[in-house]
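Participant: I'm passing along start_21.cif; it holds mmCIF, C-alpha atoms.
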data_final
#
loop_
_atom_site.label_atom_id
_atom_site.label_comp_id
_atom_site.auth_asym_id
_atom_site.auth_seq_id
_atom_site.Cartn_x
_atom_site.Cartn_y
_atom_site.Cartn_z
CA MET C 310 -5.89 -3.86 24.60
CA LEU C 311 -2.96 -3.83 22.19
CA SER C 312 0.41 -3.88 23.95
CA ALA C 313 3.89 -3.21 22.61
CA ASP C 314 5.09 -6.31 24.48
CA GLN C 315 3.10 -8.51 22.08
CA PHE C 316 5.13 -7.47 19.07
CA GLY C 317 8.73 -8.31 19.90
CA GLU C 318 11.39 -6.29 18.13
CA LEU C 319 9.54 -5.26 14.97
CA ASP C 320 11.04 -2.31 13.17
CA THR C 321 9.12 0.90 13.85
CA PRO C 322 6.96 2.66 12.94
CA CYS C 323 4.65 -0.09 11.73
CA ILE C 324 1.01 -1.13 11.78
CA ILE C 325 0.08 -3.90 14.19
CA ILE C 326 -3.29 -5.67 14.15
CA ASP C 327 -4.81 -8.08 16.65
CA GLU C 328 -6.71 -10.52 14.44
CA ALA C 329 -8.91 -11.85 17.24
CA ILE C 330 -10.19 -8.36 18.06
CA ALA C 331 -10.86 -7.57 14.40
CA LEU C 332 -12.76 -10.83 13.86
CA ALA C 333 -14.81 -10.19 17.01
CA ASN C 334 -15.69 -6.72 15.70
CA ILE C 335 -16.75 -8.25 12.37
CA ARG C 336 -18.94 -10.81 14.10
CA ARG C 337 -20.54 -8.29 16.47
CA LEU C 338 -21.80 -5.87 13.82
CA GLN C 339 -22.84 -8.64 11.44
CA ASP C 340 -24.92 -10.23 14.20
CA HIS C 341 -26.49 -6.86 15.01
CA CYS C 342 -27.48 -6.23 11.39
CA ASP C 343 -28.81 -9.78 11.05
CA ALA C 344 -30.98 -9.23 14.13
CA GLN C 345 -32.29 -5.97 12.66
CA GLY C 346 -33.13 -7.54 9.31
CA LEU C 347 -30.53 -5.41 7.54
CA ALA C 348 -28.21 -6.67 4.83
CA PHE C 349 -24.69 -5.63 5.83
CA ARG C 350 -22.14 -4.35 3.32
CA PRO C 351 -18.76 -3.54 4.90
CA HIS C 352 -16.66 -0.72 3.49
CA ILE C 353 -13.17 -2.06 2.77
CA LYS C 354 -11.57 1.43 2.72
CA THR C 355 -10.60 0.86 6.36
CA HIS C 356 -8.57 -2.33 6.08
CA LYS C 357 -7.94 -2.47 2.29
CA MET C 358 -7.12 -6.17 2.68
CA VAL C 359 -8.57 -9.04 0.69
CA GLY C 360 -8.20 -11.32 3.72
CA PHE C 361 -10.41 -9.21 5.96
CA ALA C 362 -12.91 -8.67 3.12
CA ARG C 363 -13.21 -12.44 2.79
CA ALA C 364 -13.66 -12.74 6.57
CA GLN C 365 -16.48 -10.21 6.39
CA MET C 366 -18.15 -12.18 3.60
CA ASP C 367 -17.69 -15.43 5.52
CA ALA C 368 -19.43 -13.81 8.49
CA GLY C 369 -22.49 -13.11 6.34
CA ALA C 370 -21.96 -9.82 4.53
CA ALA C 371 -24.08 -9.25 1.42
CA GLY C 372 -21.14 -7.81 -0.51
CA ILE C 373 -18.52 -5.13 -0.10
CA ASN C 374 -18.42 -1.34 -0.43
CA CYS C 375 -15.49 0.37 -2.14
CA GLN C 376 -14.75 4.02 -2.88
CA LYS C 377 -12.51 3.81 -5.94
CA VAL C 378 -12.49 1.79 -9.15
CA ASP C 379 -8.92 0.58 -8.63
CA GLU C 380 -9.71 -0.36 -5.03
CA ALA C 381 -12.62 -2.44 -6.29
CA ALA C 382 -10.40 -4.04 -8.92
CA VAL C 383 -7.99 -5.24 -6.22
CA MET C 384 -10.91 -6.80 -4.38
CA ALA C 385 -12.21 -8.43 -7.57
CA ASP C 386 -8.74 -9.90 -8.15
CA GLY C 387 -9.06 -11.39 -4.67
CA GLY C 388 -12.33 -13.13 -5.50
CA LEU C 389 -14.88 -10.61 -4.17
CA LYS C 390 -17.83 -10.70 -6.54
CA ASP C 391 -20.49 -8.27 -5.22
CA ILE C 392 -19.20 -4.69 -5.15
CA LEU C 393 -20.80 -1.30 -4.61
CA ILE C 394 -18.68 1.78 -5.38
CA THR C 395 -20.10 4.79 -3.56
CA PHE C 396 -18.53 7.56 -5.59
CA ASN C 397 -19.33 9.70 -8.65
CA ILE C 398 -17.21 8.16 -11.42
CA LEU C 399 -16.24 10.62 -14.15
CA GLY C 400 -13.79 10.65 -17.05
CA ALA C 401 -13.16 8.31 -19.96
CA GLU C 402 -10.26 6.46 -18.34
CA LYS C 403 -12.11 5.65 -15.11
CA LEU C 404 -15.25 4.69 -17.01
CA ALA C 405 -13.27 2.31 -19.21
CA ARG C 406 -11.81 0.65 -16.13
CA LEU C 407 -15.27 0.44 -14.60
CA ARG C 408 -16.58 -1.27 -17.75
CA GLY C 409 -13.74 -3.78 -17.56
CA LEU C 410 -14.39 -4.41 -13.88
CA ALA C 411 -18.07 -5.14 -14.52
CA GLY C 412 -17.15 -8.19 -16.57
CA ARG C 413 -15.15 -9.70 -13.71
CA VAL C 414 -17.75 -9.69 -10.94
CA ASP C 415 -21.24 -11.05 -10.42
CA ARG C 416 -22.73 -7.74 -9.35
CA LEU C 417 -21.37 -4.22 -9.71
CA ALA C 418 -23.21 -1.08 -8.61
CA VAL C 419 -22.21 2.56 -8.40
CA THR C 420 -23.77 5.80 -7.17
CA ALA C 421 -24.50 9.10 -8.87
CA ASP C 422 -25.92 12.45 -7.81
CA SER C 423 -26.16 14.29 -11.14
CA ALA C 424 -27.37 13.82 -14.68
CA VAL C 425 -23.82 14.52 -15.86
CA THR C 426 -22.47 11.50 -13.99
CA VAL C 427 -25.37 9.36 -15.23
CA ALA C 428 -24.72 10.38 -18.84
CA GLY C 429 -21.10 9.30 -18.58
CA LEU C 430 -22.06 5.95 -17.08
CA SER C 431 -24.65 5.40 -19.78
CA GLY C 432 -22.14 6.20 -22.52
CA ALA C 433 -19.74 3.62 -21.11
CA PHE C 434 -22.35 0.87 -20.71
CA ALA C 435 -24.86 1.51 -23.51
CA ASP C 436 -23.65 -1.51 -25.49
CA ALA C 437 -22.76 -3.69 -22.50
CA GLY C 438 -24.24 -7.15 -22.28
CA ARG C 439 -25.44 -6.45 -18.76
CA PRO C 440 -26.73 -3.10 -17.48
CA LEU C 441 -24.83 -1.26 -14.75
CA GLU C 442 -26.75 -0.82 -11.53
CA VAL C 443 -26.82 2.83 -10.40
CA LEU C 444 -28.08 4.13 -7.05
CA VAL C 445 -28.96 7.76 -6.39
CA GLU C 446 -26.79 9.29 -3.67
CA CYS C 447 -28.79 11.46 -1.28
CA ASP C 448 -27.48 14.14 1.06
CA THR C 449 -29.59 13.59 4.17
CA GLY C 450 -27.59 15.91 6.42
CA ALA C 451 -23.88 15.08 6.17
CA GLY C 452 -23.24 17.91 3.72
CA ARG C 453 -21.09 15.99 1.27
CA CYS C 454 -22.22 14.59 -2.10
CA GLY C 455 -25.83 13.79 -2.85
CA VAL C 456 -29.05 15.21 -4.23
CA GLN C 457 -30.63 17.68 -1.83
CA THR C 458 -34.32 16.72 -1.85
CA PRO C 459 -36.49 13.61 -2.21
CA GLN C 460 -37.94 15.16 -5.38
CA ALA C 461 -34.46 15.47 -6.87
CA ALA C 462 -33.78 11.82 -5.96
CA PHE C 463 -36.97 10.80 -7.73
CA GLU C 464 -36.10 12.80 -10.84
CA LEU C 465 -32.56 11.41 -11.07
CA ALA C 466 -33.85 7.87 -10.53
CA ARG C 467 -36.13 8.30 -13.55
CA ILE C 468 -33.20 9.55 -15.64
CA ILE C 469 -31.18 6.48 -14.64
CA ALA C 470 -34.07 4.13 -15.44
CA SER C 471 -34.42 5.61 -18.93
CA SER C 472 -30.68 5.69 -19.74
CA PRO C 473 -29.27 3.01 -22.08
CA GLY C 474 -27.03 0.51 -20.36
CA LEU C 475 -28.16 1.42 -16.84
CA ARG C 476 -30.60 0.07 -14.29
CA PHE C 477 -31.91 2.02 -11.31
CA GLY C 478 -30.72 0.16 -8.22
CA GLY C 479 -32.03 2.20 -5.32
CA LEU C 480 -31.06 5.01 -2.96
CA MET C 481 -27.86 5.51 -0.97
CA THR C 482 -26.93 7.89 1.83
CA TYR C 483 -24.21 8.46 4.40
CA PRO C 484 -26.05 10.43 7.09
CA ALA C 485 -24.63 12.85 9.60
CA VAL C 486 -23.63 11.28 12.91
CA GLY C 487 -26.84 10.89 14.88
CA GLY C 488 -28.88 11.65 11.76
CA ALA C 489 -30.50 8.27 11.10
CA GLY C 490 -33.98 9.66 11.73
CA ASP C 491 -33.52 12.53 9.27
CA ALA C 492 -32.14 10.11 6.69
CA ALA C 493 -35.10 7.77 7.14
CA ARG C 494 -37.61 10.59 6.61
CA PHE C 495 -35.82 11.74 3.46
CA MET C 496 -35.64 8.22 2.05
CA ARG C 497 -39.27 7.44 2.88
CA GLN C 498 -40.42 10.48 0.92
CA ALA C 499 -38.22 9.54 -2.05
CA VAL C 500 -39.41 5.91 -2.04
CA ASP C 501 -43.03 7.05 -1.86
CA LEU C 502 -42.53 9.31 -4.89
CA LEU C 503 -40.99 6.44 -6.80
CA ALA C 504 -43.75 4.02 -5.80
CA ALA C 505 -46.41 6.46 -6.94
CA ALA C 506 -44.76 6.52 -10.36
CA GLY C 507 -44.49 2.74 -10.46
CA VAL C 508 -40.69 2.69 -10.02
CA ASP C 509 -39.35 -0.06 -7.79
CA CYS C 510 -36.61 0.86 -5.31
CA PRO C 511 -34.92 -2.45 -4.40
CA VAL C 512 -32.17 -1.05 -2.13
CA VAL C 513 -32.15 1.76 0.42
CA THR C 514 -28.67 1.78 1.92
CA THR C 515 -27.27 3.80 4.81
CA GLY C 516 -24.36 3.46 7.19
CA GLY C 517 -21.70 4.80 9.49
CA SER C 518 -19.57 3.19 12.21
CA PRO C 519 -20.28 5.91 14.83
CA ASP C 520 -23.96 4.94 14.84
CA MET C 521 -23.52 1.21 14.31
CA ALA C 522 -24.93 0.21 17.72
CA GLY C 523 -28.23 1.83 16.80
CA ALA C 524 -28.38 0.61 13.22
CA ALA C 525 -31.99 -0.26 12.41
CA SER C 526 -34.22 -0.43 9.37
CA LEU C 527 -36.51 2.34 10.70
CA GLY C 528 -39.08 0.94 8.31
CA ILE C 529 -37.20 2.01 5.20
CA PHE C 530 -33.53 0.96 5.15
CA THR C 531 -32.63 -2.41 3.62
CA GLU C 532 -28.84 -2.29 3.95
CA TYR C 533 -26.19 -0.92 6.29
CA ARG C 534 -22.59 0.00 5.45
CA ALA C 535 -19.67 0.60 7.81
CA GLY C 536 -15.90 0.44 7.59
CA THR C 537 -14.10 1.75 10.67
CA TYR C 538 -15.82 -0.81 12.93
CA VAL C 539 -13.44 -3.58 11.81
CA TYR C 540 -10.54 -1.96 13.68
CA ASN C 541 -12.19 0.89 15.62
CA ASP C 542 -10.17 3.94 16.63
CA ARG C 543 -9.91 6.79 19.11
CA SER C 544 -12.74 8.76 17.50
CA LEU C 545 -15.17 5.87 17.98
CA VAL C 546 -14.05 5.30 21.57
CA GLU C 547 -14.56 8.98 22.35
CA ARG C 548 -18.05 8.81 20.82
CA GLY C 549 -18.92 5.82 22.98
CA ALA C 550 -19.27 3.41 20.05
CA CYS C 551 -16.68 0.98 21.45
CA GLY C 552 -13.99 0.61 24.11
CA TRP C 553 -10.21 0.62 23.97
CA GLN C 554 -10.34 -3.18 24.21
CA ASP C 555 -12.16 -3.19 20.84
CA CYS C 556 -9.38 -1.35 18.98
CA ALA C 557 -7.67 -3.91 16.76
CA LEU C 558 -5.09 -1.71 15.03
CA GLY C 559 -2.32 0.44 16.44
CA VAL C 560 0.86 2.06 15.26
CA LEU C 561 3.92 0.63 16.99
CA ALA C 562 6.44 3.42 17.62
CA THR C 563 9.70 3.97 19.48
CA VAL C 564 10.63 6.80 21.83
CA VAL C 565 13.69 8.33 20.14
CA SER C 566 14.28 11.40 22.29
CA LEU C 567 13.58 12.86 25.73
CA PRO C 568 14.68 16.43 25.04
CA ALA C 569 13.11 18.07 28.09
CA PRO C 570 11.18 17.13 31.22
CA GLY C 571 7.63 16.16 30.32
CA ARG C 572 8.39 15.87 26.60
CA ALA C 573 9.08 12.75 24.57
CA VAL C 574 9.47 12.28 20.83
CA ILE C 575 8.50 9.15 18.90
CA ASP C 576 9.41 7.97 15.40
CA ALA C 577 5.81 8.20 14.16
CA GLY C 578 4.72 11.50 12.65
CA SER C 579 2.23 12.58 10.01
CA LYS C 580 3.50 9.89 7.62
CA SER C 581 2.50 7.19 10.12
CA LEU C 582 -0.32 8.78 12.12
CA THR C 583 -3.10 10.74 10.49
CA SER C 584 -3.28 14.45 11.16
CA ASP C 585 -7.08 14.15 11.27
CA LEU C 586 -8.47 15.45 14.55
CA LEU C 587 -12.19 14.67 14.07
CA GLY C 588 -13.03 17.16 16.78
CA LEU C 589 -10.51 15.72 19.24
CA GLU C 590 -7.46 17.24 20.88
CA GLY C 591 -4.18 15.53 20.10
CA PHE C 592 -3.17 13.04 17.45
CA GLY C 593 -3.93 9.65 18.96
CA TYR C 594 -4.01 7.76 22.24
CA VAL C 595 -0.96 6.07 23.73
CA ALA C 596 -2.31 2.68 24.79
CA GLY C 597 -2.25 2.23 28.54
CA SER C 598 -1.18 5.80 29.30
CA THR C 599 -2.85 7.92 31.96
CA ASP C 600 -1.20 11.29 31.48
CA THR C 601 0.12 11.59 27.91
CA ALA C 602 -1.01 13.67 24.93
CA ILE C 603 0.37 13.55 21.39
CA VAL C 604 0.44 17.31 20.90
CA SER C 605 2.04 17.73 17.47
CA LEU C 606 3.22 15.87 14.39
CA SER C 607 5.84 16.66 11.81
CA GLU C 608 6.56 14.24 8.99
CA GLU C 609 8.64 11.74 10.98
CA HIS C 610 8.25 12.96 14.57
CA GLY C 611 5.43 12.79 17.06
CA VAL C 612 5.75 14.99 20.13
CA LEU C 613 4.32 13.73 23.41
CA HIS C 614 3.67 15.83 26.50
CA HIS C 615 3.32 13.77 29.64
CA GLY C 616 2.96 14.12 33.36
CA PRO C 617 4.75 12.26 36.14
CA ALA C 618 2.32 9.32 35.93
CA ASP C 619 3.80 8.37 32.54
CA ASN C 620 7.58 8.07 32.51
CA TYR C 621 9.30 7.23 29.23
CA ARG C 622 12.78 6.06 28.35
CA ILE C 623 14.68 6.30 25.09
CA GLY C 624 14.19 3.09 23.12
CA GLN C 625 10.84 2.33 24.75
CA ARG C 626 8.18 1.06 22.36
CA ILE C 627 4.59 2.25 22.57
CA VAL C 628 1.33 1.61 20.74
CA VAL C 629 -0.68 4.55 19.44
CA ILE C 630 -4.38 4.13 18.68
CA PRO C 631 -5.01 6.58 15.81
CA ASN C 632 -7.74 9.19 15.82
CA HIS C 633 -8.91 7.97 12.39
CA VAL C 634 -7.73 4.50 11.50
CA CYS C 635 -8.90 4.49 7.86
CA VAL C 636 -6.23 7.00 6.87
CA VAL C 637 -3.48 5.07 8.64
CA SER C 638 -4.19 1.91 6.62
CA ASN C 639 -3.37 3.84 3.47
CA LEU C 640 0.01 5.02 4.82
CA PHE C 641 1.65 1.58 4.96
CA ASP C 642 2.28 -1.11 2.35
CA GLU C 643 2.10 -3.88 4.93
CA ALA C 644 1.05 -4.66 8.48
CA TRP C 645 1.89 -7.18 11.18
CA LEU C 646 -0.98 -9.45 12.18
CA LEU C 647 -1.06 -11.02 15.63
CA LYS C 648 -2.69 -14.42 15.18
CA ALA C 649 -4.77 -16.18 17.82
CA ASP C 650 -1.85 -18.52 18.60
CA GLY C 651 0.46 -15.58 19.26
CA ALA C 652 2.34 -15.90 15.98
CA LEU C 653 3.06 -12.81 13.91
CA ALA C 654 2.33 -12.70 10.18
CA ARG C 655 3.40 -10.00 7.73
CA VAL C 656 0.41 -9.11 5.52
CA ALA C 657 0.05 -6.76 2.57
CA VAL C 658 -2.35 -3.82 2.63
CA ASP C 659 -3.56 -4.96 -0.77
CA ALA C 660 -5.42 -1.86 -2.01
CA ARG C 661 -3.11 0.67 -0.37
CA GLY C 662 -2.40 3.69 -2.55
CA THR C 663 -5.25 3.12 -5.03
CA VAL C 664 -6.47 6.64 -5.65
CA SER C 665 -8.64 6.47 -8.75
#
Once more with this new file: its structure as structure tokens, please.
Facilitator:
Amino acid sequence: MLSADQFGELDTPCIIIDEAIALANIRRLQDHCDAQGLAFRPHIKTHKMVGFARAQMDAGAAGINCQKVDEAAVMADGGLKDILITFNILGAEKLARLRGLAGRVDRLAVTADSAVTVAGLSGAFADAGRPLEVLVECDTGAGRCGVQTPQAAFELARIIASSPGLRFGGLMTYPAVGGAGDAARFMRQAVDLLAAAGVDCPVVTTGGSPDMAGAASLGIFTEYRAGTYVYNDRSLVERGACGWQDCALGVLATVVSLPAPGRAVIDAGSKSLTSDLLGLEGFGYVAGSTDTAIVSLSEEHGVLHHGPADNYRIGQRIVVIPNHVCVVSNLFDEAWLLKADGALARVAVDARGTVS
């Protein structure tokens, strides 16, 4: 488990990452997907670092998953050549950047869940030398984006296939936690409708770190996507997807005040720790603690309530495992990487702050 003692006198608050744990997490899920016959496509929104994206590719990933055009551009600049962007891309400026990105990679694919989005993509790529691959996003229970029925997926796939500059690339979903079976049934019906019309569906992609241990093709999925797994976080530990020893990233913080018995204040607030709760109580886990809760956050302060089993002193440094690590990566320009030999390296969070 991450320990404040490993990180000397770094200025706080800061992100600290144990490289050996992250690489072990990468290897573990890649091996699982390989054993299941699933192509694996890691989502780089969690780490936002070219170095870890390359490590994921070196481990055997089929390509990478991004959420924003600018995020994908950073990865392309770093030499990543097979990119899926799982987001509806709208607006002339974004579409122009997407068109430019397509010429810099070997394979670029995006998702869409409406004819409006497809029309915009077609307008941007109608005269392109190479068609843009477009997958239909399907809502199989998570209640976010996506067409609502297999029939709607079939109909949008046909629109994509007939649109200038585009090629139908398959089906994509991000199912509800525990919803792999529902997603498989939805996708099977959609694939059967396409097959009956003579439309090939080369990719059926699903994902989610909470369900990574049970990732399987279920007779229909060809690809799996996950992001949080590279670092893991409190939400995944609480769901039983990993243990504290598998958490590679923490926020190093300093106790700056002991204003009352049982209360401590650290220099990491909402600008260092996410305010996401994800169904949990408190705003992170203090590594190694037995009786501490992070009960509230303001911008620069985190308030800890603790019992007698956890005694703190002013100036003490602690490590907080975030509830939701993906958000934390986007709050810092750089991180400190603990190498296998014990050395510390300052690394950039390359795609941090890319929002479009």
Participant: Give as a list in words the residues that the PyMOL selection byres ((chain C and resi 455) around 8) matches when applied to the coordinates above.
Facilitator: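 Selected by the PyMOL selection byres ((chain C and resi 455) around 8) in this file: Ala421, Asp422, Val445, Glu446, Cys447, Asp448, Thr449, Arg453, Cys454, Val456, Gln457 and Thr482 of chain C.
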Participant: Write out as a list of chain:residue names each polymer residue whose atoms come within 8 Å of Val628 of chain C, counting only C-alpha atoms; drop sequence neighbours fewer than 4 positions from it.
Facilitator: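 What passes the distance filter is C:Leu311, C:Ser312, C:Ala313, C:Gly559, C:Val560, C:Leu561, C:Ala562, C:Val595, C:Ala596.
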Participant: Spell out the residues picked by the PyMOL selection byres ((chain C and resi 631) around 10) here, as a list in words.
Facilitator: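 Selection result, ordered by chain and number: Asn541, Asp542, Arg543, Ser544, Cys556, Leu558, Gly559, Val560, Ser581, Leu582, Thr583, Ser584, Asp585, Leu586, Gly591, Phe592, Gly593, Tyr594, Val595, Val628, Val629, Ile630, Asn632, His633, Val634, Cys635, Val636 and Val637 of chain C.
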Participant: Would you mind reading off the distance between atom CA of Ile326 of chain C and atom CA of Ala550 of chain C, one decimal, in Å?
Facilitator: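 Straight-line distance from atom CA of Ile326 of chain C to atom CA of Ala550 of chain C works out to 19.3 Å.
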Participant: As an exercise, work out the distance from atom CA of Leu545 of chain C to atom CA of Pro519 of chain C in Å and give it to one decimal place.
Facilitator: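 Those two atoms sit 6.0 Å apart.
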Participant: Evaluate the PyMOL selection byres ((chain C and resi 535) around 10) against this structure - the residues, as JSON, numbers by chain, please.
Facilitator: {"C": [338, 349, 350, 351, 352, 353, 354, 355, 373, 374, 483, 515, 516, 517, 518, 519, 520, 521, 533, 534, 536, 537, 538, 539]}
Participant: Pick out the closest residue to Ala437 of chain C from this set: C:Ala411, C:Glu318, C:Asp367, C:Ala424. Count all atoms listed in the file.
Facilitator: C:Ala411
Participant: Around (-6.1, -11.2, 20.1), as given in the file, which residues come within 8 Å? Count only C-alpha atoms and list them as a count of residues only.
Facilitator: 8
Participant: Find the residues around Ala525 of chain C up to 9 Å (all atoms listed in the file counted), leave out those fewer than 4 positions away in its own chain, and share them as a ChimeraX atom specification.
Facilitator: /C:341-342,345-347,489,521,530,533
Participant: I want to know what sits within 10 Å of Thr458 of chain C, based on only C-alpha atoms, with residues of the same chain fewer than 4 positions away left out; could you give that as a PyMOL selection string?
Facilitator: chain C and resi 447-449+462-464+495-496+498-499
